[in-house]
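Note: the block below is query_4.cif and it holds mmCIF, C-alpha atoms and all ligand atoms; chains and numbers go by the auth columns.
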data_start
loop_
_atom_site.group_PDB
_atom_site.id
_atom_site.type_symbol
_atom_site.label_atom_id
_atom_site.label_comp_id
_atom_site.label_asym_id
_atom_site.label_seq_id
_atom_site.Cartn_x
_atom_site.Cartn_y
_atom_site.Cartn_z
_atom_site.B_iso_or_equiv
_atom_site.auth_seq_id
_atom_site.auth_asym_id
ATOM 1 C CA MET A 1 46.851 59.819 7.082 0.00 226 V
ATOM 2 C CA VAL A 2 43.208 60.886 7.323 0.00 227 V
ATOM 3 C CA ALA A 3 40.622 58.093 7.480 0.00 228 V
ATOM 4 C CA PRO A 4 38.196 58.143 4.517 0.00 229 V
ATOM 5 C CA LEU A 5 34.777 59.625 5.257 0.00 230 V
ATOM 6 C CA PRO A 6 31.924 57.111 5.563 0.00 231 V
ATOM 7 C CA PRO A 7 29.276 57.210 2.830 0.00 232 V
ATOM 8 C CA ALA A 8 26.467 59.737 3.480 0.00 233 V
ATOM 9 C CA THR A 9 23.742 57.083 3.840 0.00 234 V
ATOM 10 C CA GLN A 10 25.582 54.545 5.961 0.00 235 V
ATOM 11 C CA GLY A 11 23.768 51.403 7.145 0.00 236 V
ATOM 12 C CA ASP A 12 24.274 49.669 10.501 0.00 237 V
ATOM 13 C CA PRO A 13 27.838 49.283 11.857 0.00 238 V
ATOM 14 C CA PRO A 14 29.173 45.718 11.148 0.00 239 V
ATOM 15 C CA ASP A 15 28.756 44.450 14.744 0.00 240 V
ATOM 16 C CA ILE A 16 25.106 45.542 14.869 0.00 241 V
ATOM 17 C CA ALA A 17 24.405 44.139 11.373 0.00 242 V
ATOM 18 C CA ALA A 18 25.896 40.735 12.369 0.00 243 V
ATOM 19 C CA SER A 19 23.923 40.534 15.577 0.00 244 V
ATOM 20 C CA LYS A 20 20.680 41.374 13.690 0.00 245 V
ATOM 21 C CA VAL A 21 21.356 38.477 11.259 0.00 246 V
ATOM 22 C CA ALA A 22 21.565 35.983 14.153 0.00 247 V
ATOM 23 C CA LEU A 23 18.491 37.454 15.871 0.00 248 V
ATOM 24 C CA ARG A 24 16.483 37.259 12.613 0.00 249 V
ATOM 25 C CA LYS A 25 17.189 33.492 12.410 0.00 250 V
ATOM 26 C CA HIS A 26 16.064 33.001 15.990 0.00 251 V
ATOM 27 C CA CYS A 27 12.919 35.137 15.507 0.00 252 V
ATOM 28 C CA ALA A 28 11.949 33.503 12.191 0.00 253 V
ATOM 29 C CA ALA A 29 12.075 30.071 13.890 0.00 254 V
ATOM 30 C CA ALA A 30 9.995 31.343 16.843 0.00 255 V
ATOM 31 C CA LEU A 31 7.399 32.796 14.445 0.00 256 V
ATOM 32 C CA ARG A 32 7.083 29.472 12.576 0.00 257 V
ATOM 33 C CA ALA A 33 6.755 27.525 15.837 0.00 258 V
ATOM 34 C CA ARG A 34 4.067 29.715 17.502 0.00 259 V
ATOM 35 C CA ASP A 35 0.463 28.727 18.175 0.00 260 V
ATOM 36 C CA VAL A 36 -1.369 30.647 15.401 0.00 261 V
ATOM 37 C CA THR A 37 -4.745 30.174 17.099 0.00 262 V
ATOM 38 C CA ARG A 38 -3.737 32.982 19.508 0.00 263 V
ATOM 39 C CA ASP A 39 -3.156 35.521 16.700 0.00 264 V
ATOM 40 C CA SER A 40 -6.789 36.704 16.613 0.00 265 V
ATOM 41 C CA ALA A 41 -6.268 38.265 20.064 0.00 266 V
ATOM 42 C CA ILE A 42 -3.647 40.568 18.482 0.00 267 V
ATOM 43 C CA ALA A 43 -6.200 41.809 15.941 0.00 268 V
ATOM 44 C CA ASP A 44 -8.807 42.274 18.704 0.00 269 V
ATOM 45 C CA ARG A 45 -6.365 44.379 20.736 0.00 270 V
ATOM 46 C CA LEU A 46 -5.434 46.439 17.674 0.00 271 V
ATOM 47 C CA MET A 47 -9.120 47.126 16.914 0.00 272 V
ATOM 48 C CA GLN A 48 -9.672 48.215 20.527 0.00 273 V
ATOM 49 C CA LEU A 49 -6.591 50.447 20.471 0.00 274 V
ATOM 50 C CA LEU A 50 -7.260 52.040 17.081 0.00 275 V
ATOM 51 C CA GLN A 51 -10.931 53.013 17.625 0.00 276 V
ATOM 52 C CA PRO A 52 -10.871 54.392 14.049 0.00 277 V
ATOM 53 C CA ARG A 53 -12.455 57.749 13.195 0.00 278 V
ATOM 54 C CA PRO A 54 -14.371 57.761 9.873 0.00 279 V
ATOM 55 C CA GLY A 55 -11.877 58.764 7.178 0.00 280 V
ATOM 56 C CA GLN A 56 -8.802 58.032 9.321 0.00 281 V
ATOM 57 C CA ILE A 57 -6.057 56.724 7.025 0.00 282 V
ATOM 58 C CA ILE A 58 -4.562 53.534 8.467 0.00 283 V
ATOM 59 C CA ALA A 59 -1.747 51.510 6.898 0.00 284 V
ATOM 60 C CA GLY A 60 -2.492 47.800 7.300 0.00 285 V
ATOM 61 C CA VAL A 61 -0.348 44.819 6.298 0.00 286 V
ATOM 62 C CA TRP A 62 -1.043 41.929 3.882 0.00 287 V
ATOM 63 C CA PRO A 63 0.692 38.883 5.405 0.00 288 V
ATOM 64 C CA LEU A 64 3.826 37.127 4.196 0.00 289 V
ATOM 65 C CA PRO A 65 4.053 33.358 4.939 0.00 290 V
ATOM 66 C CA ASP A 66 4.149 32.625 8.727 0.00 291 V
ATOM 67 C CA GLU A 67 3.152 36.195 9.651 0.00 292 V
ATOM 68 C CA VAL A 68 0.137 37.266 11.692 0.00 293 V
ATOM 69 C CA ASP A 69 -2.806 37.603 9.276 0.00 294 V
ATOM 70 C CA LEU A 70 -4.329 41.084 9.631 0.00 295 V
ATOM 71 C CA ARG A 71 -6.673 40.684 6.650 0.00 296 V
ATOM 72 C CA PRO A 72 -9.773 40.211 8.865 0.00 297 V
ATOM 73 C CA LEU A 73 -8.736 43.357 10.794 0.00 298 V
ATOM 74 C CA CYS A 74 -8.420 45.301 7.519 0.00 299 V
ATOM 75 C CA HIS A 75 -12.018 44.323 6.720 0.00 300 V
ATOM 76 C CA ARG A 76 -13.205 45.358 10.194 0.00 301 V
ATOM 77 C CA LEU A 77 -11.428 48.734 10.002 0.00 302 V
ATOM 78 C CA HIS A 78 -12.823 49.378 6.519 0.00 303 V
ATOM 79 C CA ALA A 79 -16.345 48.501 7.711 0.00 304 V
ATOM 80 C CA ALA A 80 -15.877 50.967 10.603 0.00 305 V
ATOM 81 C CA GLY A 81 -15.211 53.788 8.102 0.00 306 V
ATOM 82 C CA ALA A 82 -11.410 53.930 8.135 0.00 307 V
ATOM 83 C CA VAL A 83 -9.512 54.417 4.872 0.00 308 V
ATOM 84 C CA LEU A 84 -7.147 51.461 4.535 0.00 309 V
ATOM 85 C CA VAL A 85 -3.852 51.610 2.666 0.00 310 V
ATOM 86 C CA LEU A 86 -1.355 48.778 2.146 0.00 311 V
ATOM 87 C CA PRO A 87 2.356 48.970 1.312 0.00 312 V
ATOM 88 C CA GLU A 88 3.851 48.444 -2.114 0.00 313 V
ATOM 89 C CA THR A 89 7.501 47.382 -1.778 0.00 314 V
ATOM 90 C CA PRO A 90 9.771 49.545 -3.974 0.00 315 V
ATOM 91 C CA PRO A 91 13.420 48.777 -4.882 0.00 316 V
ATOM 92 C CA ARG A 92 15.710 48.513 -1.809 0.00 317 V
ATOM 93 C CA GLY A 93 16.749 51.860 -0.369 0.00 318 V
ATOM 94 C CA ASN A 94 13.350 53.513 -0.911 0.00 319 V
ATOM 95 C CA PRO A 95 10.422 54.112 1.465 0.00 320 V
ATOM 96 C CA LEU A 96 7.239 52.059 1.072 0.00 321 V
ATOM 97 C CA ILE A 97 4.443 53.382 -1.146 0.00 322 V
ATOM 98 C CA PHE A 98 0.985 53.148 0.444 0.00 323 V
ATOM 99 C CA ARG A 99 -1.947 52.405 -1.876 0.00 324 V
ATOM 100 C CA ARG A 100 -5.631 52.571 -1.050 0.00 325 V
ATOM 101 C CA TRP A 101 -7.281 49.206 -0.421 0.00 326 V
ATOM 102 C CA SER A 102 -10.940 48.193 -0.384 0.00 327 V
ATOM 103 C CA PRO A 103 -12.381 44.680 -0.041 0.00 328 V
ATOM 104 C CA ASP A 104 -13.181 44.421 -3.770 0.00 329 V
ATOM 105 C CA CYS A 105 -9.889 45.805 -5.122 0.00 330 V
ATOM 106 C CA THR A 106 -7.374 43.901 -7.263 0.00 331 V
ATOM 107 C CA MET A 107 -4.167 42.818 -5.492 0.00 332 V
ATOM 108 C CA LEU A 108 -0.934 42.797 -7.499 0.00 333 V
ATOM 109 C CA SER A 109 2.177 40.701 -6.789 0.00 334 V
ATOM 110 C CA GLY A 110 5.233 42.679 -5.677 0.00 335 V
ATOM 111 C CA ARG A 111 8.801 42.232 -4.428 0.00 336 V
ATOM 112 C CA PHE A 112 9.740 39.513 -1.873 0.00 337 V
ATOM 113 C CA GLY A 113 6.374 37.767 -2.209 0.00 338 V
ATOM 114 C CA THR A 114 4.422 40.835 -1.049 0.00 339 V
ATOM 115 C CA GLN A 115 1.076 41.890 -2.537 0.00 340 V
ATOM 116 C CA HIS A 116 -0.341 45.393 -2.873 0.00 341 V
ATOM 117 C CA PRO A 117 -3.534 47.035 -4.158 0.00 342 V
ATOM 118 C CA GLU A 118 -3.829 48.879 -7.461 0.00 343 V
ATOM 119 C CA GLY A 119 -5.346 51.945 -5.705 0.00 344 V
ATOM 120 C CA ASP A 120 -4.241 55.595 -5.326 0.00 345 V
ATOM 121 C CA CYS A 121 -1.213 56.580 -3.193 0.00 346 V
ATOM 122 C CA LEU A 122 -2.109 58.107 0.201 0.00 347 V
ATOM 123 C CA ALA A 123 0.002 59.010 3.272 0.00 348 V
ATOM 124 C CA PRO A 124 -1.235 57.162 6.393 0.00 349 V
ATOM 125 C CA GLN A 125 -1.943 58.838 9.765 0.00 350 V
ATOM 126 C CA THR A 126 -1.469 55.546 11.589 0.00 351 V
ATOM 127 C CA VAL A 127 0.946 52.793 10.521 0.00 352 V
ATOM 128 C CA LEU A 128 0.685 49.164 11.638 0.00 353 V
ATOM 129 C CA VAL A 129 4.231 47.786 11.665 0.00 354 V
ATOM 130 C CA PRO A 130 4.902 44.017 11.455 0.00 355 V
ATOM 131 C CA LEU A 131 7.608 42.923 13.903 0.00 356 V
ATOM 132 C CA LEU A 132 9.793 39.885 13.355 0.00 357 V
ATOM 133 C CA GLY A 133 11.263 40.622 16.795 0.00 358 V
ATOM 134 C CA PHE A 134 10.984 43.253 19.530 0.00 359 V
ATOM 135 C CA ASP A 135 12.256 44.061 23.001 0.00 360 V
ATOM 136 C CA ARG A 136 10.544 45.749 25.937 0.00 361 V
ATOM 137 C CA ALA A 137 12.377 49.004 25.244 0.00 362 V
ATOM 138 C CA GLY A 138 10.493 49.267 21.917 0.00 363 V
ATOM 139 C CA ASN A 139 13.300 48.276 19.565 0.00 364 V
ATOM 140 C CA ARG A 140 12.127 46.296 16.532 0.00 365 V
ATOM 141 C CA LEU A 141 13.539 43.836 14.046 0.00 366 V
ATOM 142 C CA GLY A 142 12.147 43.289 10.534 0.00 367 V
ATOM 143 C CA TYR A 143 13.306 41.314 7.513 0.00 368 V
ATOM 144 C CA GLY A 144 16.299 43.593 7.036 0.00 369 V
ATOM 145 C CA GLY A 145 15.151 45.732 4.132 0.00 370 V
ATOM 146 C CA GLY A 146 15.067 48.877 6.281 0.00 371 V
ATOM 147 C CA TYR A 147 11.748 49.666 4.609 0.00 372 V
ATOM 148 C CA TYR A 148 9.760 50.621 7.696 0.00 373 V
ATOM 149 C CA ASP A 149 12.608 52.721 9.135 0.00 374 V
ATOM 150 C CA ARG A 150 12.900 54.663 5.874 0.00 375 V
ATOM 151 C CA THR A 151 9.125 55.020 5.651 0.00 376 V
ATOM 152 C CA LEU A 152 8.523 56.136 9.248 0.00 377 V
ATOM 153 C CA ALA A 153 11.284 58.743 8.856 0.00 378 V
ATOM 154 C CA THR A 154 9.064 60.392 6.210 0.00 379 V
ATOM 155 C CA LEU A 155 5.947 60.234 8.461 0.00 380 V
ATOM 156 C CA PRO A 156 7.084 61.901 11.715 0.00 381 V
ATOM 157 C CA ASP A 157 3.531 62.666 12.904 0.00 382 V
ATOM 158 C CA ALA A 158 2.023 59.240 12.237 0.00 383 V
ATOM 159 C CA ALA A 159 1.199 56.869 15.115 0.00 384 V
ATOM 160 C CA ARG A 160 3.416 53.764 14.707 0.00 385 V
ATOM 161 C CA ILE A 161 1.908 50.634 16.142 0.00 386 V
ATOM 162 C CA GLY A 162 4.068 47.519 16.104 0.00 387 V
ATOM 163 C CA TYR A 163 2.467 44.096 16.469 0.00 388 V
ATOM 164 C CA ALA A 164 3.748 40.547 16.905 0.00 389 V
ATOM 165 C CA PRO A 165 3.011 37.335 18.777 0.00 390 V
ATOM 166 C CA SER A 166 4.557 37.446 22.283 0.00 391 V
ATOM 167 C CA THR A 167 6.888 34.626 21.152 0.00 392 V
ATOM 168 C CA GLN A 168 8.826 37.297 19.207 0.00 393 V
ATOM 169 C CA GLU A 169 10.039 39.141 22.304 0.00 394 V
ATOM 170 C CA VAL A 170 13.804 38.987 22.855 0.00 395 V
ATOM 171 C CA GLU A 171 15.840 40.218 25.817 0.00 396 V
ATOM 172 C CA SER A 172 17.475 43.089 23.956 0.00 397 V
ATOM 173 C CA LEU A 173 17.837 44.269 20.356 0.00 398 V
ATOM 174 C CA PRO A 174 20.714 46.403 19.123 0.00 399 V
ATOM 175 C CA ALA A 175 19.584 49.844 17.982 0.00 400 V
ATOM 176 C CA GLY A 176 21.059 51.095 14.699 0.00 401 V
ATOM 177 C CA PRO A 177 21.413 54.778 13.802 0.00 402 V
ATOM 178 C CA HIS A 178 18.336 54.683 11.529 0.00 403 V
ATOM 179 C CA ASP A 179 15.977 52.721 13.780 0.00 404 V
ATOM 180 C CA GLN A 180 12.691 54.612 14.173 0.00 405 V
ATOM 181 C CA PRO A 181 10.840 54.575 17.516 0.00 406 V
ATOM 182 C CA LEU A 182 7.408 52.920 17.856 0.00 407 V
ATOM 183 C CA SER A 183 4.438 54.438 19.714 0.00 408 V
ATOM 184 C CA CYS A 184 3.461 51.051 21.110 0.00 409 V
ATOM 185 C CA ILE A 185 3.734 47.295 20.592 0.00 410 V
ATOM 186 C CA VAL A 186 0.723 44.980 20.679 0.00 411 V
ATOM 187 C CA THR A 187 0.907 41.243 21.329 0.00 412 V
ATOM 188 C CA GLU A 188 -1.901 38.789 22.151 0.00 413 V
ATOM 189 C CA LYS A 189 -1.044 39.326 25.839 0.00 414 V
ATOM 190 C CA GLU A 190 -0.365 43.033 26.301 0.00 415 V
ATOM 191 C CA THR A 191 0.088 46.515 24.859 0.00 416 V
ATOM 192 C CA LEU A 192 3.466 48.145 25.577 0.00 417 V
ATOM 193 C CA ARG A 193 3.370 51.959 25.323 0.00 418 V
ATOM 194 C CA PHE A 194 6.367 54.143 24.595 0.00 419 V
ATOM 195 C CA ASP A 195 4.987 57.700 24.471 0.00 420 V
HETATM 196 N N1 LIG B . 3.558 41.408 5.282 0.00 501 V
HETATM 197 C C1 LIG B . 4.599 42.216 5.190 0.00 501 V
HETATM 198 N N2 LIG B . 4.651 43.091 4.221 0.00 501 V
HETATM 199 C C2 LIG B . 5.722 43.909 4.117 0.00 501 V
HETATM 200 C C3 LIG B . 6.794 43.839 5.013 0.00 501 V
HETATM 201 C C4 LIG B . 6.717 42.870 6.061 0.00 501 V
HETATM 202 O O1 LIG B . 7.611 42.723 6.917 0.00 501 V
HETATM 203 N N3 LIG B . 5.601 42.080 6.097 0.00 501 V
HETATM 204 N N4 LIG B . 7.873 44.672 4.874 0.00 501 V
HETATM 205 C C5 LIG B . 8.743 45.043 5.857 0.00 501 V
HETATM 206 O O2 LIG B . 9.687 45.749 5.648 0.00 501 V
HETATM 207 C C6 LIG B . 8.086 45.228 3.531 0.00 501 V
HETATM 208 C C7 LIG B . 8.741 44.149 2.651 0.00 501 V
HETATM 209 N N5 LIG B . 10.018 43.881 3.163 0.00 501 V
HETATM 210 C C8 LIG B . 10.771 42.770 2.993 0.00 501 V
HETATM 211 C C9 LIG B . 12.144 42.940 2.960 0.00 501 V
HETATM 212 C C10 LIG B . 12.985 41.888 2.731 0.00 501 V
HETATM 213 C C11 LIG B . 12.446 40.625 2.582 0.00 501 V
HETATM 214 C C12 LIG B . 13.403 39.521 2.344 0.00 501 V
HETATM 215 O O3 LIG B . 14.597 39.733 2.194 0.00 501 V
HETATM 216 N N6 LIG B . 12.931 38.313 2.334 0.00 501 V
HETATM 217 C C13 LIG B . 13.800 37.165 2.150 0.00 501 V
HETATM 218 C C14 LIG B . 13.614 36.203 3.316 0.00 501 V
HETATM 219 C C15 LIG B . 14.032 36.829 4.576 0.00 501 V
HETATM 220 C C16 LIG B . 13.979 35.870 5.757 0.00 501 V
HETATM 221 O O4 LIG B . 13.108 34.991 5.837 0.00 501 V
HETATM 222 O O5 LIG B . 14.841 36.025 6.633 0.00 501 V
HETATM 223 C C17 LIG B . 13.471 36.490 0.835 0.00 501 V
HETATM 224 O O6 LIG B . 12.369 36.749 0.293 0.00 501 V
HETATM 225 O O7 LIG B . 14.328 35.746 0.374 0.00 501 V
HETATM 226 C C18 LIG B . 11.083 40.439 2.641 0.00 501 V
HETATM 227 C C19 LIG B . 10.228 41.519 2.857 0.00 501 V
HETATM 228 C C20 LIG B . 6.791 45.729 2.985 0.00 501 V
HETATM 229 N N7 LIG B . 5.737 44.763 3.091 0.00 501 V
HETATM 230 N N1 LIG B . 16.743 56.059 6.612 0.00 502 V
HETATM 231 C C1 LIG B . 17.756 55.241 6.323 0.00 502 V
HETATM 232 N N2 LIG B . 18.834 55.661 5.607 0.00 502 V
HETATM 233 C C2 LIG B . 19.863 54.828 5.328 0.00 502 V
HETATM 234 N N3 LIG B . 19.905 53.538 5.719 0.00 502 V
HETATM 235 C C3 LIG B . 18.880 53.073 6.421 0.00 502 V
HETATM 236 C C4 LIG B . 17.736 53.873 6.761 0.00 502 V
HETATM 237 N N4 LIG B . 16.859 53.100 7.453 0.00 502 V
HETATM 238 C C5 LIG B . 17.437 51.879 7.536 0.00 502 V
HETATM 239 N N5 LIG B . 18.641 51.848 6.944 0.00 502 V
HETATM 240 C C6 LIG B . 19.567 50.718 6.844 0.00 502 V
HETATM 241 O O1 LIG B . 18.948 49.624 6.173 0.00 502 V
HETATM 242 C C7 LIG B . 19.489 48.389 6.667 0.00 502 V
HETATM 243 C C8 LIG B . 18.379 47.476 7.121 0.00 502 V
HETATM 244 O O2 LIG B . 17.733 48.060 8.258 0.00 502 V
HETATM 245 P P1 LIG B . 17.157 47.173 9.442 0.00 502 V
HETATM 246 O O3 LIG B . 18.093 46.064 9.782 0.00 502 V
HETATM 247 O O4 LIG B . 16.740 48.108 10.561 0.00 502 V
HETATM 248 O O5 LIG B . 15.858 46.570 8.704 0.00 502 V
HETATM 249 P P2 LIG B . 14.534 46.055 9.332 0.00 502 V
HETATM 250 O O6 LIG B . 13.977 47.125 10.233 0.00 502 V
HETATM 251 O O7 LIG B . 14.815 44.730 9.947 0.00 502 V
HETATM 252 O O8 LIG B . 13.638 45.846 8.036 0.00 502 V
HETATM 253 P P3 LIG B . 12.194 46.420 7.655 0.00 502 V
HETATM 254 O O9 LIG B . 12.138 47.862 8.103 0.00 502 V
HETATM 255 O O10 LIG B . 12.167 46.289 6.166 0.00 502 V
HETATM 256 O O11 LIG B . 11.194 45.585 8.369 0.00 502 V
HETATM 257 C C9 LIG B . 20.404 48.760 7.844 0.00 502 V
HETATM 258 O O12 LIG B . 21.730 48.768 7.372 0.00 502 V
HETATM 259 C C10 LIG B . 19.929 50.152 8.217 0.00 502 V
HETATM 260 O O13 LIG B . 20.939 50.912 8.857 0.00 502 V
#
Take the structure in the file and give it back as structure tokens.
Amino acid sequence: MVAPLPPATQGDPPDIAASKVALRKHCAAALRARDVTRDSAIADRLMQLLQPRPGQIIAGVWPLPDEVDLRPLCHRLHAAGAVLVLPETPPRGNPLIFRRWSPDCTMLSGRFGTQHPEGDCLAPQTVLVPLLGFDRAGNRLGYGGGYYDRTLATLPDAARIGYAPSTQEVESLPAGPHDQPLSCIVTEKETLRFD
């Protein structure tokens, strides 16, 4: 008897998928319980790290409930001459679509409570990646859509900058076969570099 071949686009093995479910619960509770007054230090560190060149295309993030609010940072980056794009969330299994944002643009409601601009599609040179959880080896945990992993796989030359409150650090995260590496992780306390 020959074992059946796995499907071509296999997700995480069952043990890794189960452990990510438990870690997501833990991390979601930690995110809700954090002191949000410290979040502005994350944005300050990101601004310092990015030092945007005029015209540099940077993918920002419009917050979901409980997340770090990077909207003030998007305004600062735009004022410094960067071109800001924000993700539109497509059906599951597809990479994110990045649309140009400016302070006066219309925001549309999208999947899972996300919002995105109406603007043109552009590929970012730098991607800010929201982290529900992370470890010191640079592994990340998101909401489980696999969106950022699929997206970063299509942008091999882009800088990938994860950010989260330090409360989201866990001892160790399981790495799945599709997990994409980050260039660095920024919290209110430190910047971890991986390249
Ligand atoms: N602000 C923000 N925008 C983002 C992301 C993100 O993490 N944060 N994404 C990152 O990929 C994408 C959206 N991905 C998502 C994928 C799944 C769910 C989701 O299943 N939400 C559940 C609740 C999950 C939970 O709380 O554990 C739901 O809405 O029922 C939400 C967002 C693109 N935009
Ligand atoms: N490029 C890919 N091709 C096929 N499956 C993928 C790919 N990227 C991720 N996946 C699968 O999608 C599922 C969700 O991925 P994962 O748990 O890493 O999501 P996440 O990183 O928490 O979410 P997000 O990226 O949306 O923040 C997993 O089964 C994962 O293996």
Take the PyMOL selection byres (((chain V and resi 269-280) around 10) and not hetatm), run it mentally on this structure, and tell me the resulting residues as a ChimeraX atom specification.
/V:264-268,281-283,295,298-299,301-309,351,353,384,386-388,410-416
Quick one: which residues end up in the PyMOL selection byres (((not hetatm)) within 10 of (chain V and resi 501)) for this structure, as a ChimeraX atom specification?
/V:246,249-254,285-295,311-317,320-323,335-341,354-357,366-376
With the file shown as input, list the residues that the PyMOL selection byres (((chain V and resi 392-402) around 8) and not hetatm) selects, as number ranges by chain.
V: 236-238, 241, 244-245, 252, 255-256, 259, 356-362, 364-366, 389-391, 403-404
Identify which of the residues V:Val310, V:Cys346, V:Leu407, V:Leu417 lies closest to ligand LIG 502 (chain V), counting only C-alpha atoms and all ligand atoms when measuring atom-to-atom distances.
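Among the listed residues, V:Leu407 lies closest to ligand LIG 502 (chain V).
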Separation of CA of Gly363 in chain V and atom O6 of ligand LIG 502 (chain V), in Å?
12.4 Å
Nearest candidate to Arg296 in chain V (options V:Pro328, V:Gly318, V:Pro406, V:Pro381; using all atoms listed in the file):
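Comparing V:Pro328, V:Gly318, V:Pro406, V:Pro381 against Arg296 in chain V, the winner is V:Pro328.
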Quick one, how far is atom N4 of ligand LIG 502 (chain V) from CA of Asn319 in chain V?
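Between atom N4 of ligand LIG 502 (chain V) and CA of Asn319 in chain V the gap works out to 9.1 Å.
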Could you give me the centre and size, in Å to one decimal, of an axis-aligned box around all listed atoms of ligand LIG 502 (chain V) with 8 Å added on every side, as lines of an AutoDock Vina configuration file?
center_x = 16.5
center_y = 50.4
center_z = 7.9
size_x = 26.5
size_y = 27.3
size_z = 21.2
Nearest to ligand LIG 502 (chain V) by atom-to-atom distance, counting only C-alpha atoms and all ligand atoms, from V:Ala383, V:Asp420, V:Leu377, V:Met332
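Distance minimum relative to ligand LIG 502 (chain V) lands on V:Leu377.
Distances from V:Ala348, V:Asp260, V:Thr379, V:Arg325 to ligand LIG 502 (chain V) were compared using all atoms listed in the file, and the smallest one belongs to V:Thr379.
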Kindly give the distance, in Å, that separates atom C9 of ligand LIG 502 (chain V) and CA of Ala243 in chain V, rounded to a single decimal.
10.7 Å
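Nearest residue to ligand LIG 502 (chain V), choosing from V:Asp329, V:Ala378, V:Asp345, V:Ala247 and counting all atoms listed in the file: V:Ala378.
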Considering all atoms listed in the file, can you say which of V:Gly344, V:Pro297, V:Pro239, V:Pro349 comes closest to ligand LIG 502 (chain V)?
V:Pro239
Can you patch up range 299-315 of chain V, filling it in to N, CA and C atoms, and show the result as a tab-separated table (two decimals), keeping the file's coordinate frame?
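This is the output file rebuild33.tsv:
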chain	number	residue	atom	x	y	z
V	299	CYS	N	-8.26	44.30	8.59
V	299	CYS	CA	-8.42	45.30	7.52
V	299	CYS	C	-9.89	45.42	7.13
V	300	HIS	N	-10.58	44.30	7.04
V	300	HIS	CA	-12.02	44.32	6.72
V	300	HIS	C	-12.81	45.02	7.83
V	301	ARG	N	-12.47	44.74	9.08
V	301	ARG	CA	-13.20	45.36	10.19
V	301	ARG	C	-12.98	46.87	10.21
V	302	LEU	N	-11.75	47.30	9.99
V	302	LEU	CA	-11.43	48.73	10.00
V	302	LEU	C	-12.13	49.44	8.85
V	303	HIS	N	-12.14	48.80	7.69
V	303	HIS	CA	-12.82	49.38	6.52
V	303	HIS	C	-14.32	49.52	6.81
V	304	ALA	N	-14.91	48.47	7.39
V	304	ALA	CA	-16.34	48.50	7.71
V	304	ALA	C	-16.66	49.59	8.73
V	305	ALA	N	-15.68	49.93	9.59
V	305	ALA	CA	-15.88	50.97	10.60
V	305	ALA	C	-15.66	52.37	10.04
V	306	GLY	N	-15.33	52.47	8.74
V	306	GLY	CA	-15.21	53.79	8.10
V	306	GLY	C	-13.80	54.28	7.89
V	307	ALA	N	-12.80	53.51	8.35
V	307	ALA	CA	-11.41	53.93	8.14
V	307	ALA	C	-11.04	53.77	6.66
V	308	VAL	N	-10.08	54.58	6.21
V	308	VAL	CA	-9.51	54.42	4.87
V	308	VAL	C	-8.27	53.56	5.04
V	309	LEU	N	-8.28	52.39	4.40
V	309	LEU	CA	-7.15	51.46	4.54
V	309	LEU	C	-6.18	51.62	3.38
V	310	VAL	N	-4.89	51.66	3.70
V	310	VAL	CA	-3.85	51.61	2.67
V	310	VAL	C	-2.92	50.45	3.00
V	311	LEU	N	-2.29	49.89	1.97
V	311	LEU	CA	-1.36	48.78	2.15
V	311	LEU	C	-0.06	49.11	1.41
V	312	PRO	N	1.08	48.59	1.92
V	312	PRO	CA	2.36	48.97	1.31
V	312	PRO	C	2.67	48.23	0.01
V	313	GLU	N	3.18	49.02	-0.94
V	313	GLU	CA	3.85	48.44	-2.11
V	313	GLU	C	5.34	48.52	-1.81
V	314	THR	N	6.07	47.44	-2.10
V	314	THR	CA	7.50	47.38	-1.78
V	314	THR	C	8.32	47.85	-2.98
V	315	PRO	N	8.98	49.01	-2.86
V	315	PRO	CA	9.77	49.54	-3.97
V	315	PRO	C	11.17	48.91	-3.99
